[in-house]
$ cat coords.csv   # CSV, N, CA and C atoms
chain,number,residue,atom,x,y,z
A,51,MET,N,0.8,-1.2,0.0
A,51,MET,CA,0.0,0.0,0.0
A,51,MET,C,0.9,1.2,0.0
A,52,SER,N,0.6,2.2,-0.8
A,52,SER,CA,1.3,3.4,-0.8
A,52,SER,C,0.4,4.6,-0.6
A,53,PHE,N,1.0,5.7,-0.1
A,53,PHE,CA,0.3,6.9,0.2
A,53,PHE,C,0.9,8.0,-0.5
A,54,GLU,N,0.1,9.0,-0.8
A,54,GLU,CA,0.6,10.2,-1.5
A,54,GLU,C,0.1,11.4,-0.7
A,55,ILE,N,0.9,12.3,-0.4
A,55,ILE,CA,0.5,13.6,0.3
A,55,ILE,C,0.3,14.6,-0.8
A,56,THR,N,-0.9,15.2,-0.6
A,56,THR,CA,-1.3,16.2,-1.6
A,56,THR,C,-1.9,17.4,-1.0
A,57,ASN,N,-2.0,18.5,-1.7
A,57,ASN,CA,-2.6,19.7,-1.2
A,57,ASN,C,-4.0,19.9,-1.8
A,58,ARG,N,-4.5,18.9,-2.5
A,58,ARG,CA,-5.8,19.0,-3.2
A,58,ARG,C,-6.7,17.9,-2.7
A,59,VAL,N,-8.0,18.1,-2.8
A,59,VAL,CA,-8.9,17.1,-2.5
A,59,VAL,C,-9.7,16.9,-3.8
A,60,PRO,N,-9.8,15.7,-4.3
A,60,PRO,CA,-10.5,15.5,-5.6
A,60,PRO,C,-12.0,15.9,-5.4
A,61,GLY,N,-12.5,16.7,-6.4
A,61,GLY,CA,-13.8,17.2,-6.3
A,61,GLY,C,-14.1,18.5,-5.6
A,62,VAL,N,-13.0,19.0,-4.9
A,62,VAL,CA,-13.2,20.3,-4.2
A,62,VAL,C,-12.2,21.3,-4.9
A,63,SER,N,-12.8,22.3,-5.4
A,63,SER,CA,-12.1,23.3,-6.1
A,63,SER,C,-11.5,24.4,-5.1
A,64,ASP,N,-10.6,25.2,-5.6
A,64,ASP,CA,-10.1,26.3,-4.8
A,64,ASP,C,-11.3,27.3,-4.4
A,65,LYS,N,-12.2,27.4,-5.3
A,65,LYS,CA,-13.4,28.3,-5.0
A,65,LYS,C,-14.2,27.7,-3.9
A,66,ASP,N,-14.4,26.4,-3.9
A,66,ASP,CA,-15.1,25.7,-2.8
A,66,ASP,C,-14.4,25.9,-1.5
A,67,VAL,N,-13.1,25.8,-1.5
A,67,VAL,CA,-12.3,25.9,-0.3
A,67,VAL,C,-12.4,27.4,0.2
A,68,ALA,N,-12.3,28.3,-0.6
A,68,ALA,CA,-12.5,29.7,-0.2
A,68,ALA,C,-13.8,30.0,0.4
A,69,ALA,N,-14.9,29.4,-0.2
A,69,ALA,CA,-16.2,29.6,0.3
A,69,ALA,C,-16.4,28.9,1.7
A,70,MET,N,-15.8,27.7,1.9
A,70,MET,CA,-15.9,27.1,3.2
A,70,MET,C,-15.1,27.8,4.2
A,71,THR,N,-13.9,28.4,3.8
A,71,THR,CA,-13.1,29.1,4.7
A,71,THR,C,-13.8,30.4,5.2
A,72,ALA,N,-14.5,31.1,4.3
A,72,ALA,CA,-15.2,32.3,4.6
A,72,ALA,C,-16.4,32.0,5.5
A,73,GLU,N,-17.1,30.9,5.3
A,73,GLU,CA,-18.2,30.5,6.1
A,73,GLU,C,-17.7,30.2,7.5
A,74,ALA,N,-16.6,29.5,7.7
A,74,ALA,CA,-16.1,29.1,9.0
A,74,ALA,C,-15.6,30.4,9.7
A,75,GLN,N,-15.0,31.3,9.0
A,75,GLN,CA,-14.5,32.5,9.7
A,75,GLN,C,-15.6,33.4,10.1
A,76,ASP,N,-16.7,33.3,9.4
A,76,ASP,CA,-17.9,34.1,9.9
A,76,ASP,C,-18.4,33.6,11.2
A,77,GLY,N,-18.2,32.3,11.5
A,77,GLY,CA,-18.7,31.7,12.7
A,77,GLY,C,-20.0,31.0,12.5
A,78,TYR,N,-20.3,30.2,13.5
A,78,TYR,CA,-21.6,29.5,13.5
A,78,TYR,C,-22.4,29.8,14.7
A,79,ASP,N,-23.7,29.9,14.6
A,79,ASP,CA,-24.5,30.1,15.7
A,79,ASP,C,-24.9,28.7,16.3
A,80,LEU,N,-24.2,28.3,17.3
A,80,LEU,CA,-24.4,27.0,17.9
A,80,LEU,C,-25.6,26.9,18.8
A,81,ALA,N,-26.2,28.1,19.1
A,81,ALA,CA,-27.4,28.1,20.0
A,81,ALA,C,-28.5,27.4,19.3
A,82,GLU,N,-28.6,27.4,18.0
A,82,GLU,CA,-29.7,26.8,17.3
A,82,GLU,C,-29.4,25.3,16.9
A,83,THR,N,-28.2,24.9,17.3
A,83,THR,CA,-27.8,23.5,16.9
A,83,THR,C,-28.5,22.5,17.8
A,84,VAL,N,-29.1,21.5,17.2
A,84,VAL,CA,-29.8,20.4,17.9
A,84,VAL,C,-28.8,19.4,18.4
A,85,ALA,N,-28.7,19.2,19.7
A,85,ALA,CA,-27.8,18.2,20.2
A,85,ALA,C,-28.2,16.8,19.9
A,86,GLU,N,-27.3,16.0,19.5
A,86,GLU,CA,-27.6,14.6,19.2
A,86,GLU,C,-26.8,13.7,20.2
A,87,PRO,N,-27.4,12.7,20.7
A,87,PRO,CA,-26.7,11.8,21.6
A,87,PRO,C,-25.6,11.1,20.9
A,88,ASN,N,-24.5,10.9,21.6
A,88,ASN,CA,-23.4,10.1,21.0
A,88,ASN,C,-23.7,8.6,21.0
A,89,PRO,N,-23.7,8.0,19.8
A,89,PRO,CA,-24.1,6.6,19.7
A,89,PRO,C,-23.1,5.7,20.4
A,90,HIS,N,-21.9,6.2,20.6
A,90,HIS,CA,-20.9,5.4,21.2
A,90,HIS,C,-20.8,5.5,22.7
A,91,PHE,N,-21.7,6.4,23.3
A,91,PHE,CA,-21.6,6.7,24.7
A,91,PHE,C,-22.1,5.5,25.6
A,92,GLN,N,-23.0,4.7,25.1
A,92,GLN,CA,-23.5,3.6,25.9
A,92,GLN,C,-22.4,2.5,26.0
A,93,ARG,N,-22.6,1.7,27.0
A,93,ARG,CA,-21.6,0.7,27.3
A,93,ARG,C,-21.7,-0.4,26.2
A,94,LEU,N,-20.6,-0.6,25.5
A,94,LEU,CA,-20.6,-1.6,24.5
A,94,LEU,C,-20.4,-3.0,25.1
A,95,GLN,N,-21.3,-3.9,24.9
A,95,GLN,CA,-21.2,-5.1,25.6
A,95,GLN,C,-20.7,-6.2,24.6
A,96,LEU,N,-19.5,-6.7,24.9
A,96,LEU,CA,-18.9,-7.7,24.1
A,96,LEU,C,-18.7,-9.0,24.9
A,97,VAL,N,-19.2,-9.0,26.1
A,97,VAL,CA,-19.1,-10.2,26.9
A,97,VAL,C,-20.5,-10.7,27.3
A,98,PRO,N,-20.6,-12.0,27.5
A,98,PRO,CA,-21.9,-12.5,27.9
A,98,PRO,C,-22.5,-11.9,29.1
A,99,ASP,N,-23.8,-11.8,29.2
A,99,ASP,CA,-24.5,-11.2,30.3
A,99,ASP,C,-24.1,-11.9,31.6
A,100,ASP,N,-23.9,-13.2,31.7
A,100,ASP,CA,-23.6,-13.8,32.9
A,100,ASP,C,-22.2,-13.5,33.5
A,101,LEU,N,-21.4,-12.9,32.7
A,101,LEU,CA,-20.1,-12.4,33.2
A,101,LEU,C,-20.0,-11.0,33.6
A,102,LEU,N,-21.0,-10.2,33.2
A,102,LEU,CA,-21.0,-8.8,33.5
A,102,LEU,C,-20.9,-8.5,35.0
A,103,GLU,N,-21.8,-9.2,35.8
A,103,GLU,CA,-21.8,-8.9,37.2
A,103,GLU,C,-20.5,-9.3,37.9
A,104,ALA,N,-19.9,-10.4,37.4
A,104,ALA,CA,-18.6,-10.9,38.0
A,104,ALA,C,-17.5,-9.9,37.7
A,105,ILE,N,-17.5,-9.4,36.5
A,105,ILE,CA,-16.5,-8.4,36.0
A,105,ILE,C,-16.7,-7.1,36.9
A,106,ASP,N,-17.9,-6.6,37.0
A,106,ASP,CA,-18.1,-5.4,37.8
A,106,ASP,C,-17.7,-5.6,39.3
A,107,GLU,N,-18.1,-6.8,39.8
A,107,GLU,CA,-17.7,-7.1,41.2
A,107,GLU,C,-16.2,-7.1,41.4
A,108,ARG,N,-15.5,-7.7,40.5
A,108,ARG,CA,-14.0,-7.8,40.6
A,108,ARG,C,-13.4,-6.4,40.4
A,109,ALA,N,-14.0,-5.6,39.5
A,109,ALA,CA,-13.5,-4.2,39.4
A,109,ALA,C,-13.7,-3.4,40.7
A,110,ARG,N,-14.8,-3.6,41.3
A,110,ARG,CA,-15.0,-2.9,42.6
A,110,ARG,C,-14.1,-3.3,43.6
A,111,ARG,N,-13.9,-4.7,43.7
A,111,ARG,CA,-13.0,-5.2,44.7
A,111,ARG,C,-11.5,-4.8,44.5
A,112,ASP,N,-11.1,-4.8,43.3
A,112,ASP,CA,-9.7,-4.4,43.0
A,112,ASP,C,-9.5,-2.9,42.8
A,113,GLY,N,-10.6,-2.2,42.8
A,113,GLY,CA,-10.4,-0.7,42.6
A,113,GLY,C,-10.0,-0.4,41.2
A,114,GLN,N,-10.5,-1.2,40.2
A,114,GLN,CA,-10.1,-1.0,38.8
A,114,GLN,C,-11.4,-0.7,38.0
A,115,SER,N,-11.2,-0.3,36.7
A,115,SER,CA,-12.3,-0.2,35.8
A,115,SER,C,-12.7,-1.6,35.3
A,116,PRO,N,-13.9,-1.8,34.9
A,116,PRO,CA,-14.3,-3.1,34.3
A,116,PRO,C,-13.4,-3.4,33.1
A,117,ASP,N,-13.0,-2.4,32.3
A,117,ASP,CA,-12.2,-2.6,31.1
A,117,ASP,C,-10.8,-3.1,31.6
A,118,ALA,N,-10.3,-2.6,32.7
A,118,ALA,CA,-9.0,-3.1,33.1
A,118,ALA,C,-9.0,-4.6,33.6
A,119,VAL,N,-10.2,-4.9,34.2
A,119,VAL,CA,-10.3,-6.3,34.6
A,119,VAL,C,-10.4,-7.3,33.4
A,120,VAL,N,-11.1,-6.9,32.4
A,120,VAL,CA,-11.2,-7.7,31.2
A,120,VAL,C,-9.8,-7.8,30.5
A,121,ARG,N,-9.2,-6.7,30.4
A,121,ARG,CA,-7.8,-6.7,29.8
A,121,ARG,C,-6.9,-7.6,30.5
A,122,GLN,N,-6.9,-7.5,31.8
A,122,GLN,CA,-6.0,-8.4,32.6
A,122,GLN,C,-6.3,-9.8,32.5
A,123,ALA,N,-7.6,-10.1,32.5
A,123,ALA,CA,-8.0,-11.5,32.3
A,123,ALA,C,-7.6,-12.1,31.0
A,124,LEU,N,-7.8,-11.3,29.9
A,124,LEU,CA,-7.4,-11.8,28.6
A,124,LEU,C,-5.9,-11.9,28.5
A,125,ALA,N,-5.2,-10.9,29.0
A,125,ALA,CA,-3.7,-11.0,29.0
A,125,ALA,C,-3.2,-12.3,29.7
A,126,THR,N,-3.8,-12.5,30.9
A,126,THR,CA,-3.4,-13.7,31.6
A,126,THR,C,-3.7,-15.0,30.9
A,127,TYR,N,-4.9,-15.0,30.3
A,127,TYR,CA,-5.3,-16.2,29.5
A,127,TYR,C,-4.4,-16.4,28.3
A,128,LEU,N,-4.2,-15.4,27.6
A,128,LEU,CA,-3.4,-15.5,26.4
A,128,LEU,C,-1.9,-15.8,26.7
A,129,HIS,N,-1.4,-15.4,27.8
A,129,HIS,CA,-0.1,-15.6,28.2
A,129,HIS,C,0.1,-17.1,28.7
A,130,THR,N,-0.9,-17.6,29.3
A,130,THR,CA,-0.8,-19.0,29.8
A,130,THR,C,-1.3,-20.1,28.8
A,131,ALA,N,-2.1,-19.6,27.8
A,131,ALA,CA,-2.7,-20.6,26.9
A,131,ALA,C,-1.7,-21.2,25.9
$ encode --input "coords.csv" --output "structure tokens"
Amino acid sequence: MSFEITNRVPGVSDKDVAAMTAEAQDGYDLAETVAEPNPHFQRLQLVPDDLLEAIDERARRDGQSPDAVVRQALATYLHTA
């Protein structure tokens, strides 16, 4: 795979860039912007339901995040497997 660094974007002309720059420099009224919830904010569940409570309990007991508990468990498993 090769990459090329360029100062152009296909399909975007210098006139388009100038118009976008002017629009950005004029500023945007964010007061009228409708807030949208972040679809990634919810807890992504990649482990079975029956393990969630055990992971959360271990995290509380060890003073770690649930993510850290899962990482450590996987690292230990992969190292000994």
$ select_by_dssp --input "coords.csv" --residues "chain A" --states "helix (DSSP H, G or I)" --output "MDAnalysis selection string"
chainID A and resid 64:76 80:82 99:112 116:130
$ write_last_selection --input "coords.csv" --atoms "N, CA and C atoms" --output "short mmCIF file (atom, residue, chain, number, x, y, z; two decimals), keeping the file's coordinate frame"
data_model
loop_
_atom_site.label_atom_id
_atom_site.label_comp_id
_atom_site.auth_asym_id
_atom_site.auth_seq_id
_atom_site.Cartn_x
_atom_site.Cartn_y
_atom_site.Cartn_z
N ASP A 64 -10.60 25.20 -5.60
CA ASP A 64 -10.10 26.30 -4.80
C ASP A 64 -11.30 27.30 -4.40
N LYS A 65 -12.20 27.40 -5.30
CA LYS A 65 -13.40 28.30 -5.00
C LYS A 65 -14.20 27.70 -3.90
N ASP A 66 -14.40 26.40 -3.90
CA ASP A 66 -15.10 25.70 -2.80
C ASP A 66 -14.40 25.90 -1.50
N VAL A 67 -13.10 25.80 -1.50
CA VAL A 67 -12.30 25.90 -0.30
C VAL A 67 -12.40 27.40 0.20
N ALA A 68 -12.30 28.30 -0.60
CA ALA A 68 -12.50 29.70 -0.20
C ALA A 68 -13.80 30.00 0.40
N ALA A 69 -14.90 29.40 -0.20
CA ALA A 69 -16.20 29.60 0.30
C ALA A 69 -16.40 28.90 1.70
N MET A 70 -15.80 27.70 1.90
CA MET A 70 -15.90 27.10 3.20
C MET A 70 -15.10 27.80 4.20
N THR A 71 -13.90 28.40 3.80
CA THR A 71 -13.10 29.10 4.70
C THR A 71 -13.80 30.40 5.20
N ALA A 72 -14.50 31.10 4.30
CA ALA A 72 -15.20 32.30 4.60
C ALA A 72 -16.40 32.00 5.50
N GLU A 73 -17.10 30.90 5.30
CA GLU A 73 -18.20 30.50 6.10
C GLU A 73 -17.70 30.20 7.50
N ALA A 74 -16.60 29.50 7.70
CA ALA A 74 -16.10 29.10 9.00
C ALA A 74 -15.60 30.40 9.70
N GLN A 75 -15.00 31.30 9.00
CA GLN A 75 -14.50 32.50 9.70
C GLN A 75 -15.60 33.40 10.10
N ASP A 76 -16.70 33.30 9.40
CA ASP A 76 -17.90 34.10 9.90
C ASP A 76 -18.40 33.60 11.20
N LEU A 80 -24.20 28.30 17.30
CA LEU A 80 -24.40 27.00 17.90
C LEU A 80 -25.60 26.90 18.80
N ALA A 81 -26.20 28.10 19.10
CA ALA A 81 -27.40 28.10 20.00
C ALA A 81 -28.50 27.40 19.30
N GLU A 82 -28.60 27.40 18.00
CA GLU A 82 -29.70 26.80 17.30
C GLU A 82 -29.40 25.30 16.90
N ASP A 99 -23.80 -11.80 29.20
CA ASP A 99 -24.50 -11.20 30.30
C ASP A 99 -24.10 -11.90 31.60
N ASP A 100 -23.90 -13.20 31.70
CA ASP A 100 -23.60 -13.80 32.90
C ASP A 100 -22.20 -13.50 33.50
N LEU A 101 -21.40 -12.90 32.70
CA LEU A 101 -20.10 -12.40 33.20
C LEU A 101 -20.00 -11.00 33.60
N LEU A 102 -21.00 -10.20 33.20
CA LEU A 102 -21.00 -8.80 33.50
C LEU A 102 -20.90 -8.50 35.00
N GLU A 103 -21.80 -9.20 35.80
CA GLU A 103 -21.80 -8.90 37.20
C GLU A 103 -20.50 -9.30 37.90
N ALA A 104 -19.90 -10.40 37.40
CA ALA A 104 -18.60 -10.90 38.00
C ALA A 104 -17.50 -9.90 37.70
N ILE A 105 -17.50 -9.40 36.50
CA ILE A 105 -16.50 -8.40 36.00
C ILE A 105 -16.70 -7.10 36.90
N ASP A 106 -17.90 -6.60 37.00
CA ASP A 106 -18.10 -5.40 37.80
C ASP A 106 -17.70 -5.60 39.30
N GLU A 107 -18.10 -6.80 39.80
CA GLU A 107 -17.70 -7.10 41.20
C GLU A 107 -16.20 -7.10 41.40
N ARG A 108 -15.50 -7.70 40.50
CA ARG A 108 -14.00 -7.80 40.60
C ARG A 108 -13.40 -6.40 40.40
N ALA A 109 -14.00 -5.60 39.50
CA ALA A 109 -13.50 -4.20 39.40
C ALA A 109 -13.70 -3.40 40.70
N ARG A 110 -14.80 -3.60 41.30
CA ARG A 110 -15.00 -2.90 42.60
C ARG A 110 -14.10 -3.30 43.60
N ARG A 111 -13.90 -4.70 43.70
CA ARG A 111 -13.00 -5.20 44.70
C ARG A 111 -11.50 -4.80 44.50
N ASP A 112 -11.10 -4.80 43.30
CA ASP A 112 -9.70 -4.40 43.00
C ASP A 112 -9.50 -2.90 42.80
N PRO A 116 -13.90 -1.80 34.90
CA PRO A 116 -14.30 -3.10 34.30
C PRO A 116 -13.40 -3.40 33.10
N ASP A 117 -13.00 -2.40 32.30
CA ASP A 117 -12.20 -2.60 31.10
C ASP A 117 -10.80 -3.10 31.60
N ALA A 118 -10.30 -2.60 32.70
CA ALA A 118 -9.00 -3.10 33.10
C ALA A 118 -9.00 -4.60 33.60
N VAL A 119 -10.20 -4.90 34.20
CA VAL A 119 -10.30 -6.30 34.60
C VAL A 119 -10.40 -7.30 33.40
N VAL A 120 -11.10 -6.90 32.40
CA VAL A 120 -11.20 -7.70 31.20
C VAL A 120 -9.80 -7.80 30.50
N ARG A 121 -9.20 -6.70 30.40
CA ARG A 121 -7.80 -6.70 29.80
C ARG A 121 -6.90 -7.60 30.50
N GLN A 122 -6.90 -7.50 31.80
CA GLN A 122 -6.00 -8.40 32.60
C GLN A 122 -6.30 -9.80 32.50
N ALA A 123 -7.60 -10.10 32.50
CA ALA A 123 -8.00 -11.50 32.30
C ALA A 123 -7.60 -12.10 31.00
N LEU A 124 -7.80 -11.30 29.90
CA LEU A 124 -7.40 -11.80 28.60
C LEU A 124 -5.90 -11.90 28.50
N ALA A 125 -5.20 -10.90 29.00
CA ALA A 125 -3.70 -11.00 29.00
C ALA A 125 -3.20 -12.30 29.70
N THR A 126 -3.80 -12.50 30.90
CA THR A 126 -3.40 -13.70 31.60
C THR A 126 -3.70 -15.00 30.90
N TYR A 127 -4.90 -15.00 30.30
CA TYR A 127 -5.30 -16.20 29.50
C TYR A 127 -4.40 -16.40 28.30
N LEU A 128 -4.20 -15.40 27.60
CA LEU A 128 -3.40 -15.50 26.40
C LEU A 128 -1.90 -15.80 26.70
N HIS A 129 -1.40 -15.40 27.80
CA HIS A 129 -0.10 -15.60 28.20
C HIS A 129 0.10 -17.10 28.70
N THR A 130 -0.90 -17.60 29.30
CA THR A 130 -0.80 -19.00 29.80
C THR A 130 -1.30 -20.10 28.80
#
$ atom_distance --input "coords.csv" --atom1 "atom N of His129 of chain A" --atom2 "atom C of Pro116 of chain A"
17.8 Å
$ atom_distance --input "coords.csv" --atom1 "atom C of Val119 of chain A" --atom2 "atom C of Ile105 of chain A"
7.2 Å
$ atom_distance --input "coords.csv" --atom1 "atom N of Pro60 of chain A" --atom2 "atom N of Ala72 of chain A"
18.3 Å
$ residues_around --input "coords.csv" --residues "segment 121-125 of chain A" --least-positions-apart "6" --cutoff "12 Å" --atoms "only C-alpha atoms" --output "list in words"
Val97, Ile105, Arg108, Ala109, Asp112, Gln114, Ser115 and Ala131 of chain A
$ closest_residue --input "coords.csv" --among "A:Ala74, A:Val120, A:Met51, A:Val67" --to "Leu96 of chain A" --atoms "only C-alpha atoms"
A:Val120
$ decode --input "coords.csv" --residues "segment 98-118 of chain A" --atoms "N, CA and C atoms" --output "PDB file, in the first residue's frame"
ATOM      1  N   PRO A  98     -20.594 -11.989  27.530  1.00  0.00           N
ATOM      2  CA  PRO A  98     -21.908 -12.534  27.861  1.00  0.00           C
ATOM      3  C   PRO A  98     -22.491 -11.898  29.120  1.00  0.00           C
ATOM      4  N   ASP A  99     -23.831 -11.849  29.174  1.00  0.00           N
ATOM      5  CA  ASP A  99     -24.526 -11.242  30.313  1.00  0.00           C
ATOM      6  C   ASP A  99     -24.111 -11.860  31.637  1.00  0.00           C
ATOM      7  N   ASP A 100     -23.906 -13.173  31.664  1.00  0.00           N
ATOM      8  CA  ASP A 100     -23.609 -13.840  32.925  1.00  0.00           C
ATOM      9  C   ASP A 100     -22.237 -13.460  33.490  1.00  0.00           C
ATOM     10  N   LEU A 101     -21.380 -12.856  32.686  1.00  0.00           N
ATOM     11  CA  LEU A 101     -20.062 -12.439  33.180  1.00  0.00           C
ATOM     12  C   LEU A 101     -20.024 -10.975  33.620  1.00  0.00           C
ATOM     13  N   LEU A 102     -20.999 -10.187  33.210  1.00  0.00           N
ATOM     14  CA  LEU A 102     -20.966  -8.757  33.516  1.00  0.00           C
ATOM     15  C   LEU A 102     -20.921  -8.482  35.015  1.00  0.00           C
ATOM     16  N   GLU A 103     -21.777  -9.160  35.768  1.00  0.00           N
ATOM     17  CA  GLU A 103     -21.812  -8.924  37.215  1.00  0.00           C
ATOM     18  C   GLU A 103     -20.491  -9.326  37.866  1.00  0.00           C
ATOM     19  N   ALA A 104     -19.917 -10.437  37.426  1.00  0.00           N
ATOM     20  CA  ALA A 104     -18.637 -10.880  37.986  1.00  0.00           C
ATOM     21  C   ALA A 104     -17.519  -9.893  37.652  1.00  0.00           C
ATOM     22  N   ILE A 105     -17.542  -9.366  36.450  1.00  0.00           N
ATOM     23  CA  ILE A 105     -16.529  -8.378  36.050  1.00  0.00           C
ATOM     24  C   ILE A 105     -16.678  -7.114  36.880  1.00  0.00           C
ATOM     25  N   ASP A 106     -17.911  -6.627  37.027  1.00  0.00           N
ATOM     26  CA  ASP A 106     -18.143  -5.417  37.823  1.00  0.00           C
ATOM     27  C   ASP A 106     -17.750  -5.615  39.283  1.00  0.00           C
ATOM     28  N   GLU A 107     -18.064  -6.782  39.845  1.00  0.00           N
ATOM     29  CA  GLU A 107     -17.704  -7.068  41.235  1.00  0.00           C
ATOM     30  C   GLU A 107     -16.186  -7.098  41.405  1.00  0.00           C
ATOM     31  N   ARG A 108     -15.502  -7.741  40.481  1.00  0.00           N
ATOM     32  CA  ARG A 108     -14.036  -7.810  40.553  1.00  0.00           C
ATOM     33  C   ARG A 108     -13.427  -6.418  40.417  1.00  0.00           C
ATOM     34  N   ALA A 109     -13.999  -5.596  39.544  1.00  0.00           N
ATOM     35  CA  ALA A 109     -13.509  -4.228  39.367  1.00  0.00           C
ATOM     36  C   ALA A 109     -13.665  -3.431  40.654  1.00  0.00           C
ATOM     37  N   ARG A 110     -14.827  -3.554  41.308  1.00  0.00           N
ATOM     38  CA  ARG A 110     -15.033  -2.851  42.591  1.00  0.00           C
ATOM     39  C   ARG A 110     -14.052  -3.345  43.633  1.00  0.00           C
ATOM     40  N   ARG A 111     -13.891  -4.666  43.728  1.00  0.00           N
ATOM     41  CA  ARG A 111     -13.003  -5.246  44.734  1.00  0.00           C
ATOM     42  C   ARG A 111     -11.547  -4.820  44.534  1.00  0.00           C
ATOM     43  N   ASP A 112     -11.114  -4.771  43.272  1.00  0.00           N
ATOM     44  CA  ASP A 112      -9.716  -4.437  42.979  1.00  0.00           C
ATOM     45  C   ASP A 112      -9.481  -2.948  42.775  1.00  0.00           C
ATOM     46  N   GLY A 113     -10.559  -2.154  42.789  1.00  0.00           N
ATOM     47  CA  GLY A 113     -10.407  -0.715  42.572  1.00  0.00           C
ATOM     48  C   GLY A 113      -9.974  -0.385  41.153  1.00  0.00           C
ATOM     49  N   GLN A 114     -10.467  -1.170  40.190  1.00  0.00           N
ATOM     50  CA  GLN A 114     -10.119  -0.972  38.786  1.00  0.00           C
ATOM     51  C   GLN A 114     -11.391  -0.734  37.982  1.00  0.00           C
ATOM     52  N   SER A 115     -11.205  -0.339  36.750  1.00  0.00           N
ATOM     53  CA  SER A 115     -12.341  -0.224  35.845  1.00  0.00           C
ATOM     54  C   SER A 115     -12.673  -1.620  35.314  1.00  0.00           C
ATOM     55  N   PRO A 116     -13.918  -1.836  34.899  1.00  0.00           N
ATOM     56  CA  PRO A 116     -14.255  -3.115  34.281  1.00  0.00           C
ATOM     57  C   PRO A 116     -13.376  -3.411  33.060  1.00  0.00           C
ATOM     58  N   ASP A 117     -13.035  -2.377  32.305  1.00  0.00           N
ATOM     59  CA  ASP A 117     -12.159  -2.566  31.148  1.00  0.00           C
ATOM     60  C   ASP A 117     -10.811  -3.146  31.559  1.00  0.00           C
ATOM     61  N   ALA A 118     -10.264  -2.625  32.655  1.00  0.00           N
ATOM     62  CA  ALA A 118      -8.964  -3.107  33.125  1.00  0.00           C
ATOM     63  C   ALA A 118      -9.048  -4.560  33.566  1.00  0.00           C
TER      64      ALA A 118
END
